[in-house]
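Q: Input structure: query24.cif, which contains mmCIF, C-alpha atoms, pLDDT in the B column; chains and numbers go by the auth columns.
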```cif
data_protein
loop_
_atom_site.group_PDB
_atom_site.id
_atom_site.type_symbol
_atom_site.label_atom_id
_atom_site.label_comp_id
_atom_site.label_asym_id
_atom_site.label_seq_id
_atom_site.Cartn_x
_atom_site.Cartn_y
_atom_site.Cartn_z
_atom_site.B_iso_or_equiv
_atom_site.auth_seq_id
_atom_site.auth_asym_id
ATOM 1 C CA MET A 1 117.342 115.154 77.963 41.00 104 U
ATOM 2 C CA SER A 2 117.236 111.875 79.833 48.00 105 U
ATOM 3 C CA GLY A 3 114.406 109.361 79.372 52.00 106 U
ATOM 4 C CA PRO A 4 112.028 108.028 82.014 61.00 107 U
ATOM 5 C CA GLY A 5 113.693 106.537 85.076 58.00 108 U
ATOM 6 C CA PHE A 6 113.514 103.050 86.528 57.00 109 U
ATOM 7 C CA PHE A 7 110.836 104.070 89.025 61.00 110 U
ATOM 8 C CA ASP A 8 108.821 106.290 86.675 65.00 111 U
ATOM 9 C CA ILE A 9 105.475 104.500 86.399 70.00 112 U
ATOM 10 C CA PRO A 10 103.199 105.238 83.403 69.00 113 U
ATOM 11 C CA SER A 11 100.148 107.283 84.352 64.00 114 U
ATOM 12 C CA ASP A 12 97.712 104.731 82.884 62.00 115 U
ATOM 13 C CA LEU A 13 98.388 102.416 85.868 64.00 116 U
ATOM 14 C CA GLN A 14 97.085 105.116 88.232 68.00 117 U
ATOM 15 C CA ASN A 15 99.594 104.121 90.889 73.00 118 U
ATOM 16 C CA SER A 16 103.055 105.033 92.090 81.00 119 U
ATOM 17 C CA TYR A 17 105.834 102.453 92.311 79.00 120 U
ATOM 18 C CA PHE A 18 105.203 101.855 96.002 86.00 121 U
ATOM 19 C CA GLY A 19 101.472 101.806 95.352 84.00 122 U
ATOM 20 C CA LEU A 20 101.988 98.888 92.945 83.00 123 U
ATOM 21 C CA VAL A 21 104.223 97.126 95.482 85.00 124 U
ATOM 22 C CA GLY A 22 101.562 97.458 98.169 88.00 125 U
ATOM 23 C CA LEU A 23 98.852 96.289 95.773 86.00 126 U
ATOM 24 C CA HIS A 24 100.947 93.278 94.767 87.00 127 U
ATOM 25 C CA ILE A 25 101.515 92.269 98.381 90.00 128 U
ATOM 26 C CA GLU A 26 97.815 92.686 99.135 89.00 129 U
ATOM 27 C CA GLU A 27 96.678 90.621 96.132 88.00 130 U
ATOM 28 C CA ALA A 28 99.211 87.899 96.977 90.00 131 U
ATOM 29 C CA LEU A 29 98.646 87.601 100.728 92.00 132 U
ATOM 30 C CA ILE A 30 94.851 87.826 100.866 92.00 133 U
ATOM 31 C CA PRO A 31 94.412 84.492 98.995 92.00 134 U
ATOM 32 C CA VAL A 32 97.032 82.825 101.206 93.00 135 U
ATOM 33 C CA ALA A 33 95.310 84.130 104.344 94.00 136 U
ATOM 34 C CA ILE A 34 91.918 82.865 103.117 94.00 137 U
ATOM 35 C CA GLY A 35 93.509 79.554 102.130 92.00 138 U
ATOM 36 C CA LEU A 36 95.052 79.179 105.584 93.00 139 U
ATOM 37 C CA ALA A 37 91.745 79.978 107.282 93.00 140 U
ATOM 38 C CA VAL A 38 90.057 77.248 105.229 93.00 141 U
ATOM 39 C CA ALA A 39 92.946 74.764 105.415 91.00 142 U
ATOM 40 C CA LEU A 40 93.235 74.767 109.232 90.00 143 U
ATOM 41 C CA PRO A 41 89.775 73.300 109.980 90.00 144 U
ATOM 42 C CA LEU A 42 89.836 71.233 106.774 91.00 145 U
ATOM 43 C CA GLY A 43 93.198 69.741 107.742 88.00 146 U
ATOM 44 C CA GLN A 44 91.869 68.814 111.173 85.00 147 U
ATOM 45 C CA LEU A 45 88.865 67.107 109.586 89.00 148 U
ATOM 46 C CA CYS A 46 91.199 65.166 107.289 88.00 149 U
ATOM 47 C CA VAL A 47 93.228 64.016 110.298 85.00 150 U
ATOM 48 C CA ARG A 48 90.180 63.067 112.332 84.00 151 U
ATOM 49 C CA PHE A 49 88.403 61.353 109.416 87.00 152 U
ATOM 50 C CA SER A 50 91.193 59.762 107.411 85.00 153 U
ATOM 51 C CA TRP A 51 88.810 58.724 104.613 90.00 154 U
ATOM 52 C CA LEU A 52 88.243 62.420 103.844 90.00 155 U
ATOM 53 C CA TYR A 53 91.879 63.243 103.043 89.00 156 U
ATOM 54 C CA PRO A 54 92.256 61.402 99.675 91.00 157 U
ATOM 55 C CA PRO A 55 89.212 63.041 97.997 91.00 158 U
ATOM 56 C CA VAL A 56 90.130 66.485 99.373 89.00 159 U
ATOM 57 C CA LEU A 57 93.689 66.105 98.122 87.00 160 U
ATOM 58 C CA TRP A 58 92.464 64.808 94.750 90.00 161 U
ATOM 59 C CA ILE A 59 90.052 67.707 94.231 88.00 162 U
ATOM 60 C CA THR A 60 92.575 70.394 95.186 83.00 163 U
ATOM 61 C CA THR A 61 95.279 68.778 93.042 84.00 164 U
ATOM 62 C CA VAL A 62 92.987 68.678 90.002 87.00 165 U
ATOM 63 C CA LEU A 63 92.129 72.353 90.506 83.00 166 U
ATOM 64 C CA TYR A 64 95.839 73.175 90.943 83.00 167 U
ATOM 65 C CA ALA A 65 96.519 71.560 87.570 83.00 168 U
ATOM 66 C CA ILE A 66 94.275 74.107 85.816 81.00 169 U
ATOM 67 C CA PRO A 67 96.477 76.820 84.235 82.00 170 U
ATOM 68 C CA SER A 68 96.055 80.113 86.057 79.00 171 U
ATOM 69 C CA LEU A 69 95.180 82.075 82.924 78.00 172 U
ATOM 70 C CA ALA A 70 92.472 79.567 81.950 82.00 173 U
ATOM 71 C CA PHE A 71 91.119 79.758 85.517 82.00 174 U
ATOM 72 C CA PHE A 72 90.997 83.563 85.338 81.00 175 U
ATOM 73 C CA ILE A 73 89.250 83.594 81.966 81.00 176 U
ATOM 74 C CA PHE A 74 86.670 81.059 83.159 84.00 177 U
ATOM 75 C CA LEU A 75 85.812 83.229 86.175 83.00 178 U
ATOM 76 C CA ILE A 76 85.495 86.474 84.206 83.00 179 U
ATOM 77 C CA ASP A 77 81.952 85.537 83.137 81.00 180 U
ATOM 78 C CA TYR A 78 80.953 85.286 86.801 84.00 181 U
ATOM 79 C CA THR A 79 83.105 87.793 88.685 81.00 182 U
ATOM 80 C CA GLY A 80 84.154 90.164 85.900 79.00 183 U
ATOM 81 C CA ALA A 81 87.614 91.668 85.387 76.00 184 U
ATOM 82 C CA THR A 82 87.991 92.353 89.098 79.00 185 U
ATOM 83 C CA ARG A 83 90.369 91.489 91.907 82.00 186 U
ATOM 84 C CA THR A 84 88.029 88.674 92.942 84.00 187 U
ATOM 85 C CA THR A 85 88.868 86.891 89.691 83.00 188 U
ATOM 86 C CA VAL A 86 92.507 86.798 90.799 84.00 189 U
ATOM 87 C CA VAL A 87 91.862 86.006 94.457 87.00 190 U
ATOM 88 C CA ILE A 88 89.724 82.883 93.886 88.00 191 U
ATOM 89 C CA PRO A 89 92.280 80.844 91.861 87.00 192 U
ATOM 90 C CA LEU A 90 95.160 81.877 94.111 89.00 193 U
ATOM 91 C CA THR A 91 93.153 80.797 97.151 91.00 194 U
ATOM 92 C CA VAL A 92 92.552 77.395 95.570 89.00 195 U
ATOM 93 C CA TYR A 93 96.242 77.055 94.701 89.00 196 U
ATOM 94 C CA SER A 94 97.130 77.898 98.306 91.00 197 U
ATOM 95 C CA LEU A 95 94.820 75.157 99.581 89.00 198 U
ATOM 96 C CA VAL A 96 96.611 72.410 97.677 88.00 199 U
ATOM 97 C CA LEU A 97 99.875 73.479 99.339 89.00 200 U
ATOM 98 C CA LEU A 98 98.577 74.176 102.835 91.00 201 U
ATOM 99 C CA VAL A 99 96.235 71.236 103.447 91.00 202 U
ATOM 100 C CA PRO A 100 98.980 68.558 103.074 89.00 203 U
ATOM 101 C CA ALA A 101 101.376 70.659 105.168 89.00 204 U
ATOM 102 C CA ILE A 102 98.836 70.956 107.992 89.00 205 U
ATOM 103 C CA VAL A 103 97.828 67.290 107.827 89.00 206 U
ATOM 104 C CA ASP A 104 101.454 66.113 107.862 87.00 207 U
ATOM 105 C CA GLY A 105 102.317 68.511 110.688 86.00 208 U
ATOM 106 C CA VAL A 106 99.382 67.458 112.862 85.00 209 U
ATOM 107 C CA ARG A 107 100.016 63.765 112.204 85.00 210 U
ATOM 108 C CA SER A 108 103.632 64.214 113.335 82.00 211 U
ATOM 109 C CA VAL A 109 102.529 64.935 116.918 81.00 212 U
ATOM 110 C CA PRO A 110 103.576 61.936 119.063 79.00 213 U
ATOM 111 C CA GLN A 111 100.762 59.791 120.397 81.00 214 U
ATOM 112 C CA GLU A 112 102.227 60.087 123.899 83.00 215 U
ATOM 113 C CA THR A 113 101.751 63.862 123.705 80.00 216 U
ATOM 114 C CA MET A 114 98.152 63.456 122.611 81.00 217 U
ATOM 115 C CA SER A 115 97.496 60.964 125.412 81.00 218 U
ATOM 116 C CA ALA A 116 98.970 63.358 127.974 84.00 219 U
ATOM 117 C CA ALA A 117 96.772 66.197 126.665 80.00 220 U
ATOM 118 C CA THR A 118 93.706 63.961 126.895 81.00 221 U
ATOM 119 C CA ALA A 119 94.630 62.990 130.449 83.00 222 U
ATOM 120 C CA MET A 120 94.807 66.695 131.328 83.00 223 U
ATOM 121 C CA GLY A 121 91.186 67.061 130.232 80.00 224 U
ATOM 122 C CA PHE A 122 91.746 68.673 126.814 80.00 225 U
ATOM 123 C CA GLY A 123 88.893 68.086 124.368 79.00 226 U
ATOM 124 C CA PRO A 124 89.402 67.687 120.581 76.00 227 U
ATOM 125 C CA VAL A 125 89.349 71.432 119.892 78.00 228 U
ATOM 126 C CA GLN A 126 91.715 72.232 122.773 80.00 229 U
ATOM 127 C CA ARG A 127 94.107 69.484 121.706 81.00 230 U
ATOM 128 C CA TYR A 128 94.127 70.850 118.181 79.00 231 U
ATOM 129 C CA LEU A 129 94.648 74.489 119.152 77.00 232 U
ATOM 130 C CA LYS A 130 96.957 74.075 122.175 80.00 233 U
ATOM 131 C CA VAL A 131 98.920 70.929 121.316 81.00 234 U
ATOM 132 C CA GLN A 132 98.773 69.855 117.692 80.00 235 U
ATOM 133 C CA LEU A 133 98.988 73.231 115.943 81.00 236 U
ATOM 134 C CA PRO A 134 101.946 74.557 117.982 82.00 237 U
ATOM 135 C CA ILE A 135 103.920 71.383 117.283 83.00 238 U
ATOM 136 C CA ALA A 136 102.874 71.500 113.612 85.00 239 U
ATOM 137 C CA VAL A 137 104.078 75.105 113.174 88.00 240 U
ATOM 138 C CA PRO A 138 107.307 74.193 111.293 89.00 241 U
ATOM 139 C CA ALA A 139 105.376 72.134 108.726 89.00 242 U
ATOM 140 C CA ILE A 140 102.692 74.815 108.374 90.00 243 U
ATOM 141 C CA ILE A 141 105.262 77.586 107.887 92.00 244 U
ATOM 142 C CA ALA A 142 107.027 75.440 105.279 91.00 245 U
ATOM 143 C CA GLY A 143 103.738 75.175 103.376 91.00 246 U
ATOM 144 C CA LEU A 144 103.135 78.905 103.765 93.00 247 U
ATOM 145 C CA ARG A 145 106.558 79.706 102.323 92.00 248 U
ATOM 146 C CA VAL A 146 105.765 77.810 99.141 92.00 249 U
ATOM 147 C CA ALA A 147 102.218 79.196 98.957 92.00 250 U
ATOM 148 C CA VAL A 148 103.374 82.810 99.382 93.00 251 U
ATOM 149 C CA ALA A 149 106.129 82.479 96.773 92.00 252 U
ATOM 150 C CA SER A 150 103.668 80.919 94.324 90.00 253 U
ATOM 151 C CA SER A 151 101.056 83.596 94.983 90.00 254 U
ATOM 152 C CA ILE A 152 103.568 86.436 94.578 90.00 255 U
ATOM 153 C CA SER A 153 104.489 85.033 91.176 87.00 256 U
ATOM 154 C CA LEU A 154 100.960 84.297 89.920 86.00 257 U
ATOM 155 C CA VAL A 155 99.518 87.714 90.770 85.00 258 U
ATOM 156 C CA SER A 156 101.335 89.082 87.719 81.00 259 U
ATOM 157 C CA VAL A 157 99.168 86.942 85.415 80.00 260 U
ATOM 158 C CA GLY A 158 96.232 89.118 86.451 76.00 261 U
ATOM 159 C CA ALA A 159 97.640 91.823 84.181 70.00 262 U
ATOM 160 C CA LEU A 160 95.963 89.993 81.292 71.00 263 U
ATOM 161 C CA ILE A 161 92.442 90.431 82.698 74.00 264 U
ATOM 162 C CA GLY A 162 92.026 94.154 83.116 67.00 265 U
ATOM 163 C CA ASN A 163 95.132 95.463 84.846 63.00 266 U
ATOM 164 C CA GLN A 164 94.635 93.284 87.940 64.00 267 U
ATOM 165 C CA GLY A 165 98.276 92.163 87.998 66.00 268 U
ATOM 166 C CA ALA A 166 99.815 94.897 90.192 74.00 269 U
ATOM 167 C CA LEU A 167 103.534 94.752 89.345 76.00 270 U
ATOM 168 C CA GLY A 168 102.670 92.449 86.439 75.00 271 U
ATOM 169 C CA ASN A 169 100.980 95.422 84.751 77.00 272 U
ATOM 170 C CA LEU A 170 104.459 96.852 84.187 80.00 273 U
ATOM 171 C CA LEU A 171 105.161 93.971 81.785 77.00 274 U
ATOM 172 C CA GLN A 172 102.301 95.064 79.520 78.00 275 U
ATOM 173 C CA ASP A 173 103.358 98.691 79.665 74.00 276 U
ATOM 174 C CA ALA A 174 106.944 97.696 78.866 76.00 277 U
ATOM 175 C CA ILE A 175 105.669 96.387 75.529 76.00 278 U
ATOM 176 C CA LEU A 176 103.183 99.211 74.984 76.00 279 U
ATOM 177 C CA TYR A 177 105.674 102.025 75.612 74.00 280 U
ATOM 178 C CA HIS A 178 108.829 100.182 74.448 78.00 281 U
ATOM 179 C CA ARG A 179 110.395 100.626 77.890 77.00 282 U
ATOM 180 C CA SER A 180 112.412 97.564 78.802 79.00 283 U
ATOM 181 C CA GLU A 181 113.231 99.034 82.223 81.00 284 U
ATOM 182 C CA LEU A 182 109.588 98.538 83.218 81.00 285 U
ATOM 183 C CA ALA A 183 109.880 94.785 82.607 82.00 286 U
ATOM 184 C CA LEU A 184 113.124 94.703 84.584 86.00 287 U
ATOM 185 C CA ASN A 185 111.465 96.678 87.369 82.00 288 U
ATOM 186 C CA SER A 186 108.576 94.174 87.517 82.00 289 U
ATOM 187 C CA VAL A 187 110.812 91.098 87.568 87.00 290 U
ATOM 188 C CA VAL A 188 113.335 92.427 90.100 89.00 291 U
ATOM 189 C CA THR A 189 110.720 93.845 92.471 88.00 292 U
ATOM 190 C CA THR A 190 108.586 90.683 92.347 89.00 293 U
ATOM 191 C CA ALA A 191 111.623 88.516 93.106 91.00 294 U
ATOM 192 C CA ALA A 192 112.670 90.851 95.930 92.00 295 U
ATOM 193 C CA LEU A 193 109.176 90.669 97.452 92.00 296 U
ATOM 194 C CA ALA A 194 109.242 86.867 97.350 92.00 297 U
ATOM 195 C CA VAL A 195 112.633 86.791 99.104 94.00 298 U
ATOM 196 C CA LEU A 196 111.658 89.353 101.756 94.00 299 U
ATOM 197 C CA LEU A 197 108.371 87.626 102.584 94.00 300 U
ATOM 198 C CA ASP A 198 110.159 84.279 102.770 94.00 301 U
ATOM 199 C CA ILE A 199 112.647 85.748 105.247 94.00 302 U
ATOM 200 C CA ALA A 200 109.727 87.158 107.266 94.00 303 U
ATOM 201 C CA LEU A 201 108.134 83.699 107.439 93.00 304 U
ATOM 202 C CA VAL A 202 111.415 82.123 108.546 92.00 305 U
ATOM 203 C CA LEU A 203 111.705 84.711 111.325 92.00 306 U
ATOM 204 C CA LEU A 204 108.087 84.028 112.281 91.00 307 U
ATOM 205 C CA ARG A 205 108.832 80.307 112.510 90.00 308 U
ATOM 206 C CA MET A 206 111.844 81.007 114.709 88.00 309 U
ATOM 207 C CA ALA A 207 109.739 83.217 116.991 88.00 310 U
ATOM 208 C CA LEU A 208 106.966 80.629 117.292 84.00 311 U
ATOM 209 C CA THR A 209 109.304 77.661 117.793 81.00 312 U
ATOM 210 C CA PRO A 210 112.061 78.778 120.199 79.00 313 U
ATOM 211 C CA TRP A 211 112.732 75.139 121.087 71.00 314 U
ATOM 212 C CA MET A 212 113.952 74.287 117.557 67.00 315 U
ATOM 213 C CA PRO A 213 117.662 74.422 116.632 67.00 316 U
ATOM 214 C CA ARG A 214 118.732 77.560 114.798 63.00 317 U
ATOM 215 C CA GLY A 215 120.437 76.155 111.713 55.00 318 U
ATOM 216 C CA ASP A 216 124.055 77.309 111.597 48.00 319 U
ATOM 217 C CA ARG A 217 124.279 77.815 115.342 51.00 320 U
ATOM 218 C CA ALA A 218 123.093 74.272 115.958 47.00 321 U
ATOM 219 C CA ALA A 219 125.548 72.937 113.391 42.00 322 U
ATOM 220 C CA ARG A 220 128.440 74.839 114.962 48.00 323 U
ATOM 221 C CA ARG A 221 127.426 73.623 118.407 51.00 324 U
ATOM 222 C CA ALA A 222 127.314 70.038 117.156 43.00 325 U
ATOM 223 C CA ALA A 223 130.714 70.483 115.521 42.00 326 U
ATOM 224 C CA ARG A 224 132.212 71.816 118.742 49.00 327 U
ATOM 225 C CA THR A 225 130.735 68.906 120.685 44.00 328 U
ATOM 226 C CA ALA A 226 132.150 66.436 118.177 44.00 329 U
ATOM 227 C CA ALA A 227 135.561 68.084 118.438 45.00 330 U
ATOM 228 C CA VAL A 228 135.588 68.080 122.245 45.00 331 U
ATOM 229 C CA GLU A 229 134.392 64.511 122.780 45.00 332 U
ATOM 230 C CA PRO A 230 137.337 62.725 121.076 44.00 333 U
ATOM 231 C CA ALA A 231 139.777 64.885 123.031 43.00 334 U
ATOM 232 C CA ALA A 232 138.048 64.094 126.306 44.00 335 U
ATOM 233 C CA ARG A 233 137.733 60.343 125.569 44.00 336 U
ATOM 234 C CA PRO A 234 140.769 58.393 126.971 46.00 337 U
ATOM 235 C CA THR A 235 142.806 56.538 124.383 44.00 338 U
ATOM 236 C CA LEU A 236 144.023 52.952 124.677 39.00 339 U
ATOM 237 C CA GLU A 237 147.549 54.208 125.383 45.00 340 U
ATOM 238 C CA ASP A 238 146.272 56.395 128.250 47.00 341 U
ATOM 239 C CA THR A 239 144.337 53.463 129.704 41.00 342 U
ATOM 240 C CA ALA A 240 147.353 51.165 129.481 46.00 343 U
ATOM 241 C CA ALA A 241 149.502 53.756 131.200 46.00 344 U
#
```
I need this file expressed as structure tokens, please.

A:
Amino acid sequence: MSGPGFFDIPSDLQNSYFGLVGLHIEEALIPVAIGLAVALPLGQLCVRFSWLYPPVLWITTVLYAIPSLAFFIFLIDYTGATRTTVVIPLTVYSLVLLVPAIVDGVRSVPQETMSAATAMGFGPVQRYLKVQLPIAVPAIIAGLRVAVASSISLVSVGALIGNQGALGNLLQDAILYHRSELALNSVVTTAALAVLLDIALVLLRMALTPWMPRGDRAARRAARTAAVEPAARPTLEDTAA
């Protein structure tokens, strides 16, 4: 008689394999979404009032330095062994990644572009939403890629505070039931989720920034141009002839 399979989830988790995958994605993306919603106006304030950026960056960096498990344990007294205890630290960790990305992206907008937007009658909010943010999309997506990968990984730590770790709960059950395939399942699925969500963000960036070069295609185009130009350029012998 064969033993439990790779996708056979212990009944104590009260979820199927795909249920745990969905729960993991939910617990990872909600903090990033909240972090982005907070970071967008906060980043604009940091750009508009430059004196605000250093203290904001200092505070978020100090909070980011707190180990996730210690953060979770500290919050248990206030929020209990609930999903909220996982969401709050992951939201804070997202902020320290997203705020600098947004600030750097917005600051990269050329002054000539801002002057043209002002001349067209755009106010501060319109300039931010219609000019600065679209141009800052590549920097923001880059920050989101790191934040999502970090969040996907850290959700698993929630397994230590009352089975709030989604796929990370499989690591505990792997020890409890002496089933190493559960640990392998958790690690492989978590890594696969991180890769798939990263690909989704890259595709989103490509859709939102059609004017940007497309990596390999741009490189091949540049290589073809470089190969054609020397052939088309007349040599000294041709000129002498």

Q: Distance atom CA of Ile112 of chain U-atom CA of Ala131 of chain U, one decimal place?

A: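 Interatomic distance here is 20.7 Å.
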
Q: Evaluate the PyMOL selection byres ((chain U and resi 192-196) around 6) and record the selected residues as number ranges by chain, following the chain and residue labels used in the document.

A: U: 134-135, 138, 167, 190-191, 197-199

Q: Would you mind telling me which residue in U:Leu274, U:Val165, U:Arg210, U:Ala204 lies nearest to Ser259 of chain U when using all atoms listed in the file?

A: U:Leu274

Q: From the options U:Thr188, U:Gly146, U:Thr221, U:Pro213, which residue's atoms come nearest to Phe174 of chain U, counting only C-alpha atoms?

A: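 Comparing U:Thr188, U:Gly146, U:Thr221, U:Pro213 against Phe174 of chain U, the winner is U:Thr188.
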
Q: Suppose a student applies the PyMOL selection byres ((chain U and resi 290) around 10) to this structure; what residues should they get, written as a list in words?

A: Ser256, Ser259, Leu270, Gly271, Leu273, Leu274, Glu284, Leu285, Ala286, Leu287, Asn288, Ser289, Val291, Thr292, Thr293, Ala294 and Ala295 of chain U

Q: Quick one: distance from atom CA of Gln235 of chain U to atom CA of Val209 of chain U in Å, one decimal?

A: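 Distance between the two atoms: 5.4 Å.
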
Q: What's the separation between atom CA of Arg308 of chain U and atom CA of Val159 of chain U, in Å to one decimal place?

A: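 These two atoms are separated by 26.7 Å.
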
Q: Taking the file as shown, what set of residues would the PyMOL selection byres ((chain U and resi 129) around 12) give back, as number ranges by chain?

A: U: 122-128, 130-136, 186, 189-190, 251, 254-255, 258, 267-270, 296

Q: Mind dumping the selected residues with C-alpha atoms as an mmCIF file, in the frame of the given file?

A:
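As a result, part.cif now contains:
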```cif
data_model
loop_
_atom_site.group_PDB
_atom_site.id
_atom_site.type_symbol
_atom_site.label_atom_id
_atom_site.label_comp_id
_atom_site.auth_asym_id
_atom_site.auth_seq_id
_atom_site.Cartn_x
_atom_site.Cartn_y
_atom_site.Cartn_z
ATOM 1 C CA GLY U 122 101.472 101.806 95.352
ATOM 2 C CA LEU U 123 101.988 98.888 92.945
ATOM 3 C CA VAL U 124 104.223 97.126 95.482
ATOM 4 C CA GLY U 125 101.562 97.458 98.169
ATOM 5 C CA LEU U 126 98.852 96.289 95.773
ATOM 6 C CA HIS U 127 100.947 93.278 94.767
ATOM 7 C CA ILE U 128 101.515 92.269 98.381
ATOM 8 C CA GLU U 130 96.678 90.621 96.132
ATOM 9 C CA ALA U 131 99.211 87.899 96.977
ATOM 10 C CA LEU U 132 98.646 87.601 100.728
ATOM 11 C CA ILE U 133 94.851 87.826 100.866
ATOM 12 C CA PRO U 134 94.412 84.492 98.995
ATOM 13 C CA VAL U 135 97.032 82.825 101.206
ATOM 14 C CA ALA U 136 95.310 84.130 104.344
ATOM 15 C CA ARG U 186 90.369 91.489 91.907
ATOM 16 C CA VAL U 189 92.507 86.798 90.799
ATOM 17 C CA VAL U 190 91.862 86.006 94.457
ATOM 18 C CA VAL U 251 103.374 82.810 99.382
ATOM 19 C CA SER U 254 101.056 83.596 94.983
ATOM 20 C CA ILE U 255 103.568 86.436 94.578
ATOM 21 C CA VAL U 258 99.518 87.714 90.770
ATOM 22 C CA GLN U 267 94.635 93.284 87.940
ATOM 23 C CA GLY U 268 98.276 92.163 87.998
ATOM 24 C CA ALA U 269 99.815 94.897 90.192
ATOM 25 C CA LEU U 270 103.534 94.752 89.345
ATOM 26 C CA LEU U 296 109.176 90.669 97.452
#
```

Q: Which is closest to Pro241 of chain U among U:Tyr280, U:Tyr181, U:Trp314, U:Phe175, if we use all atoms listed in the file?

A: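 Using all atoms listed in the file, Pro241 of chain U sits closest to U:Trp314.
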
Q: Using all atoms listed in the file, can you tell me which of U:Gly261, U:Gly246, U:Pro170, U:Pro313 comes closest to Asp207 of chain U?

A: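 Between U:Gly261, U:Gly246, U:Pro170, U:Pro313, the residue approaching Asp207 of chain U most closely is U:Gly246.
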
Q: Which is closer to Leu257 of chain U than all the others in U:Ala239, U:Cys149, U:Val234, U:Ala297, using all atoms listed in the file?

A: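 Checking each of U:Ala239, U:Cys149, U:Val234, U:Ala297 against Leu257 of chain U, counting all atoms listed in the file, the winner is U:Ala297.
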
Q: Using all atoms listed in the file for the distances, tell me which of U:Ile264, U:Ile302, U:Leu145, U:Ile205 is nearest to Ile238 of chain U.

A: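 Nearest candidate to Ile238 of chain U out of U:Ile264, U:Ile302, U:Leu145, U:Ile205: U:Ile205.
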
Q: Go ahead and fit an axis-aligned box to every listed atom of segment 236-240 of chain U plus 6 Å each side, and pass me the centre and edge lengths in Å, one decimal, as JSON.

A:
```
{"center_x": 101.5, "center_y": 73.2, "center_z": 115.6, "size_x": 17.1, "size_y": 15.7, "size_z": 16.8}
```

Q: Give me, as a PDB file with C-alpha atoms, in the frame of the given file, all polymer residues having an atom no more than 12 Å from segment 225-232 of chain U, counting only C-alpha atoms and skipping those fewer than 3 positions away in the same chain.

A:
```
ATOM      1  CA  LEU U 143      93.235  74.767 109.232  1.00 90.00           C
ATOM      2  CA  PRO U 144      89.775  73.300 109.980  1.00 90.00           C
ATOM      3  CA  GLY U 146      93.198  69.741 107.742  1.00 88.00           C
ATOM      4  CA  GLN U 147      91.869  68.814 111.173  1.00 85.00           C
ATOM      5  CA  LEU U 148      88.865  67.107 109.586  1.00 89.00           C
ATOM      6  CA  VAL U 150      93.228  64.016 110.298  1.00 85.00           C
ATOM      7  CA  ARG U 151      90.180  63.067 112.332  1.00 84.00           C
ATOM      8  CA  ILE U 205      98.836  70.956 107.992  1.00 89.00           C
ATOM      9  CA  VAL U 206      97.828  67.290 107.827  1.00 89.00           C
ATOM     10  CA  GLY U 208     102.317  68.511 110.688  1.00 86.00           C
ATOM     11  CA  VAL U 209      99.382  67.458 112.862  1.00 85.00           C
ATOM     12  CA  ARG U 210     100.016  63.765 112.204  1.00 85.00           C
ATOM     13  CA  VAL U 212     102.529  64.935 116.918  1.00 81.00           C
ATOM     14  CA  GLN U 214     100.762  59.791 120.397  1.00 81.00           C
ATOM     15  CA  THR U 216     101.751  63.862 123.705  1.00 80.00           C
ATOM     16  CA  MET U 217      98.152  63.456 122.611  1.00 81.00           C
ATOM     17  CA  SER U 218      97.496  60.964 125.412  1.00 81.00           C
ATOM     18  CA  ALA U 219      98.970  63.358 127.974  1.00 84.00           C
ATOM     19  CA  ALA U 220      96.772  66.197 126.665  1.00 80.00           C
ATOM     20  CA  THR U 221      93.706  63.961 126.895  1.00 81.00           C
ATOM     21  CA  ALA U 222      94.630  62.990 130.449  1.00 83.00           C
ATOM     22  CA  GLN U 235      98.773  69.855 117.692  1.00 80.00           C
ATOM     23  CA  LEU U 236      98.988  73.231 115.943  1.00 81.00           C
ATOM     24  CA  PRO U 237     101.946  74.557 117.982  1.00 82.00           C
ATOM     25  CA  ILE U 238     103.920  71.383 117.283  1.00 83.00           C
ATOM     26  CA  ALA U 239     102.874  71.500 113.612  1.00 85.00           C
ATOM     27  CA  VAL U 240     104.078  75.105 113.174  1.00 88.00           C
TER      28      VAL U 240
END
```
